[in-house]
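Notes follow once the structure below has been shown.
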Protein chains: 2
Amino acid sequence: MFDYRIWFWIQITMSLQIRFSLNDGLYLKDPQDSKLGKNIIQHSILLIDEYGFESFTFKKLAERIGSTEASIYRYFENKHLLLIFLVNWYWEWVSYLIKVNTMNVSDPRIKLKIIIHSFVFAPKDNPGVEYVNESKLHNIVISEGVKAYHTKDVDKDNSKGFFKSYKSLANSVSNVISEIDPQFKYPYALATNLFEMSNNHIYFAKHLPRLTDISVNGNNVDEVETMLNYFTDKLLS
Amino acid sequence: MFDYRIWFWIQITMSLQIRFSLNDGLYLKDPQDSKLGKNIIQHSILLIDEYGFESFTFKKLAERIGSTEASIYRYFENKHLLLIFLVNWYWEWVSYLIKVNTMNVSDPRIKLKIIIHSFVFAPKDNPGVEYVNESKLHNIVISEGVKAYHTKDVDKDNSKGFFKSYKSLANSVSNVISEIDPQFKYPYALATNLFEMSNNHIYFAKHLPRLTDISVNGNNVDEVETMLNYFTDKLLS
DNA sequence: TTTAAAACAATAGTAATACTATCATAAAAA
DNA sequence: TTTTTATGATAGTATTACTATTGTTTTAAA
């Protein structure tokens, strides 16, 4: 017996979910489409956060979710592409937050402040994708994110569009910067630097405190926001 | 027959060489002390530059220098410590260049400009350690350097003093920044950011040009220097 | 110059990693 | 109901990241 009520319920539930369309070269099969796929995303985030990217393996992941290596390989060619997938997911999500939060804001100075707030506090402003722990994903981006593009394959990966999410985010932030100060000579550099600085200094505060002036207590990143605003205010006048 | 002239020549040649005292927890045996050790340093730089850190192995290195894996393991516990060693060597060398170039300069603004010039053009200002290709080592620091401290062992490594070279460099640059503008609130963050920005944007220019405004033609990094001076001038006034 | 010690090479071996291949079964779609 | 698709179970391979042992050079001390 086919129950249409259940079928509709499933459809509605599915359509309410946030779903990002990521570059389909990143996976062999879209993990957002199936139970196992979502399990892979969910638990790879938890495991990479737990073990670090180097010690994370598909075998451990398979054991954790009660599946097999072979099944995971049907979704992702290797763990590097999975990392790029996760990082892209993160940047798509930050872009989404920025878009929602700056909607109807016209003053570019205020816009930039909201942008900074959005990505510094991204893990707290949860849009509710139940299989993604945004806070741990943020930790992964901070700790392992640079490894996504620091490889011998960057150029190949880049030509396949694997870093498009980050590039388009950088582009839209740089547009806001140019709106504030059309004379400012390095809008792209400042845009990317805001993201890199945010991630770096959260990491430094936690692990190499003598490389920074700020501190992060628990997950309180207020000082990061203050610092980024201090820098941008001085740079754009 | 023992020839004293040759013996003295060797002693003088040895003593003229630049030699950094790096944290001795990084190696099992100081590679700067022997022929094989220097071979390891020299060819690991060439091989990591050629293959990238992930694909670099002690086996390949051993084959390249006509030695064996086991012999290399007598110098370095693993390739990660070798990477940290190389990165430390690089920062020690930059510190040395900065010290030499800012000697007798009292104006902190000029000092900072010289500092920026020193590390941006470090690979060209060769102090002549014949077994180190500074230009390729710089490429390694740009492409692989972040991996030295983005691991699950950061805290352990840090407590052993493995990042001291970088921290003390950051400290001395931050002192110059505070001299220029004692009101500036984030001297450490600015200091580290100058180094990170330099490396990042050289990398972006080469591999992900849409993340930066500058371009690097061949190894001409003039635009990086101009950009860093532009940023610091605006920030410290 | 002899002798002892240290350094290095040669070889072998192990557990884990990063896959690939095949086949059976269960679930979903036509 | 049949067919396709998705997953699980199992096995296997080349490579990596080591460790251990033994013998031979090279170097340094006596």
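Going through the structure tokens in order, the chains are called A, B, and so on, while each chain numbers its residues from 1 and the ligands are numbered from 1 in the order shown.
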Give me the chain A side of the contact with chain D, cut-off 8 Å, one line per residue showing its nearest atom pair and distance in Å at one decimal, counting only C-alpha atoms (C1' of nucleotides), sorted by chain and residue number, as a Markdown table.
| residue | atom | partner | partner_atom | distance |
| --- | --- | --- | --- | --- |
| A:Ser67 | CA | D:DG8 | C1' | 7.3 |
| A:Thr68 | CA | D:DG8 | C1' | 7.1 |
| A:Ser71 | CA | D:DT7 | C1' | 6.7 |
For chain B, which residues have at least one atom within 12 Å of chain C, if we go by only C-alpha atoms (C1' of nucleotides)? Write them as a list in words, please.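 Contact residues on the first chain: Lys29, Asp33, Ser34, Lys35, Leu36, Gly37, Ala62, Gly66, Ser67, Thr68, Glu69, Ala70, Ser71, Ile72, Tyr73, Arg74 and Tyr75 of chain B.
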Please, which residues in chain B fall within 7 Å of chain A when counting only C-alpha atoms, and what is the closest atom pair and distance in Å to one decimal for each, ordered by chain then residue number, as a Markdown table?
| residue | atom | partner | partner_atom | distance |
| --- | --- | --- | --- | --- |
| B:Gly52 | CA | A:Lys152 | CA | 5.7 |
| B:Ser143 | CA | A:His150 | CA | 5.9 |
| B:Glu144 | CA | A:His150 | CA | 6.7 |
| B:His150 | CA | A:Ser143 | CA | 5.9 |
| B:Thr151 | CA | A:Gly52 | CA | 6.7 |
| B:Lys152 | CA | A:Gly52 | CA | 5.7 |
| B:Val154 | CA | A:His207 | CA | 6.8 |
| B:Asp155 | CA | A:His207 | CA | 6.0 |
| B:Lys167 | CA | A:Leu211 | CA | 6.2 |
| B:Ala170 | CA | A:Leu211 | CA | 6.7 |
| B:Tyr186 | CA | A:Asp213 | CA | 5.7 |
| B:Tyr188 | CA | A:Thr212 | CA | 5.0 |
| B:Ala189 | CA | A:Thr212 | CA | 4.8 |
| B:Thr192 | CA | A:Leu211 | CA | 6.4 |
| B:His207 | CA | A:Asp155 | CA | 6.0 |
| B:Arg210 | CA | A:Lys167 | CA | 6.5 |
| B:Leu211 | CA | A:Tyr188 | CA | 6.0 |
| B:Thr212 | CA | A:Ala189 | CA | 4.8 |
| B:Asp213 | CA | A:Tyr188 | CA | 5.7 |
| B:Lys234 | CA | A:Leu235 | CA | 5.6 |
| B:Leu235 | CA | A:Lys234 | CA | 5.6 |
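The spacing separating atom CA of A:Leu22 from atom CA of A:Leu46 amounts to 20.6 Å.
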Taking only stretch 76-186 of chain B into account, list the residues labelled alpha helix (DSSP H) by DSSP (computed from the backbone), as number ranges by chain. B: 79-102, 108-120, 134-144, 154-159, 164-180
Now that the selection is made, can you save its residues with C-alpha atoms as a short mmCIF file (atom, residue, chain, number, x, y, z; two decimals), in the first residue's frame?
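Contents of part.cif, as written:
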data_model
loop_
_atom_site.label_atom_id
_atom_site.label_comp_id
_atom_site.auth_asym_id
_atom_site.auth_seq_id
_atom_site.Cartn_x
_atom_site.Cartn_y
_atom_site.Cartn_z
CA LYS B 79 58.89 13.70 7.38
CA HIS B 80 56.74 16.02 9.43
CA LEU B 81 59.65 16.90 11.70
CA LEU B 82 61.81 17.39 8.64
CA LEU B 83 59.24 19.90 7.33
CA ILE B 84 59.23 21.78 10.63
CA PHE B 85 63.02 21.75 10.54
CA LEU B 86 63.06 23.29 7.07
CA VAL B 87 60.46 25.90 7.94
CA ASN B 88 62.43 26.84 11.05
CA TRP B 89 65.57 27.07 9.01
CA TYR B 90 63.74 29.45 6.69
CA TRP B 91 62.52 31.72 9.50
CA GLU B 92 65.93 31.73 11.14
CA TRP B 93 67.38 32.82 7.85
CA VAL B 94 64.79 35.58 7.41
CA SER B 95 65.52 36.73 10.96
CA TYR B 96 69.20 36.81 10.12
CA LEU B 97 68.58 38.87 6.98
CA ILE B 98 66.40 41.31 8.87
CA LYS B 99 68.99 41.68 11.61
CA VAL B 100 71.76 42.38 9.13
CA ASN B 101 69.68 44.76 7.03
CA THR B 102 68.23 46.81 9.88
CA PRO B 108 61.15 52.35 13.06
CA ARG B 109 59.19 53.26 9.93
CA ILE B 110 62.22 52.70 7.77
CA LYS B 111 62.97 49.59 9.76
CA LEU B 112 59.55 48.13 8.97
CA LYS B 113 59.97 48.87 5.29
CA ILE B 114 63.31 47.10 5.34
CA ILE B 115 61.76 44.18 7.19
CA ILE B 116 59.07 43.86 4.54
CA HIS B 117 61.63 44.11 1.79
CA SER B 118 63.83 41.56 3.52
CA PHE B 119 61.31 38.78 3.71
CA VAL B 120 59.58 39.42 0.42
CA GLU B 134 66.67 29.48 -0.67
CA SER B 135 64.35 30.17 -3.53
CA LYS B 136 62.90 26.67 -3.50
CA LEU B 137 62.79 26.66 0.26
CA HIS B 138 60.73 29.84 0.05
CA ASN B 139 58.37 28.07 -2.35
CA ILE B 140 58.02 25.27 0.18
CA VAL B 141 57.23 27.73 2.95
CA ILE B 142 54.60 29.31 0.70
CA SER B 143 53.02 26.06 -0.46
CA GLU B 144 53.52 23.72 2.48
CA VAL B 154 50.37 21.42 17.36
CA ASP B 155 50.11 21.77 21.08
CA LYS B 156 52.61 19.02 21.74
CA ASP B 157 54.98 20.38 19.09
CA ASN B 158 54.54 23.89 20.40
CA SER B 159 55.33 22.88 23.94
CA LYS B 164 60.08 29.34 18.47
CA SER B 165 61.83 30.76 15.42
CA TYR B 166 58.60 32.05 13.97
CA LYS B 167 57.35 33.35 17.29
CA SER B 168 60.49 35.28 18.06
CA LEU B 169 60.47 36.79 14.59
CA ALA B 170 56.84 37.83 15.05
CA ASN B 171 57.78 39.30 18.40
CA SER B 172 60.58 41.45 17.05
CA VAL B 173 58.44 42.74 14.19
CA SER B 174 55.62 43.55 16.56
CA ASN B 175 58.07 45.59 18.64
CA VAL B 176 58.89 47.71 15.61
CA ILE B 177 55.17 48.16 14.94
CA SER B 178 54.61 49.34 18.51
CA GLU B 179 57.50 51.75 18.18
CA ILE B 180 55.86 53.31 15.12
#
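Straight-line separation from atom CA of A:Asn219 to atom CA of A:Glu130: 20.7 Å.
What separates atom CA of B:Asn39 from atom CA of B:Lys160 is a distance of 26.0 Å.
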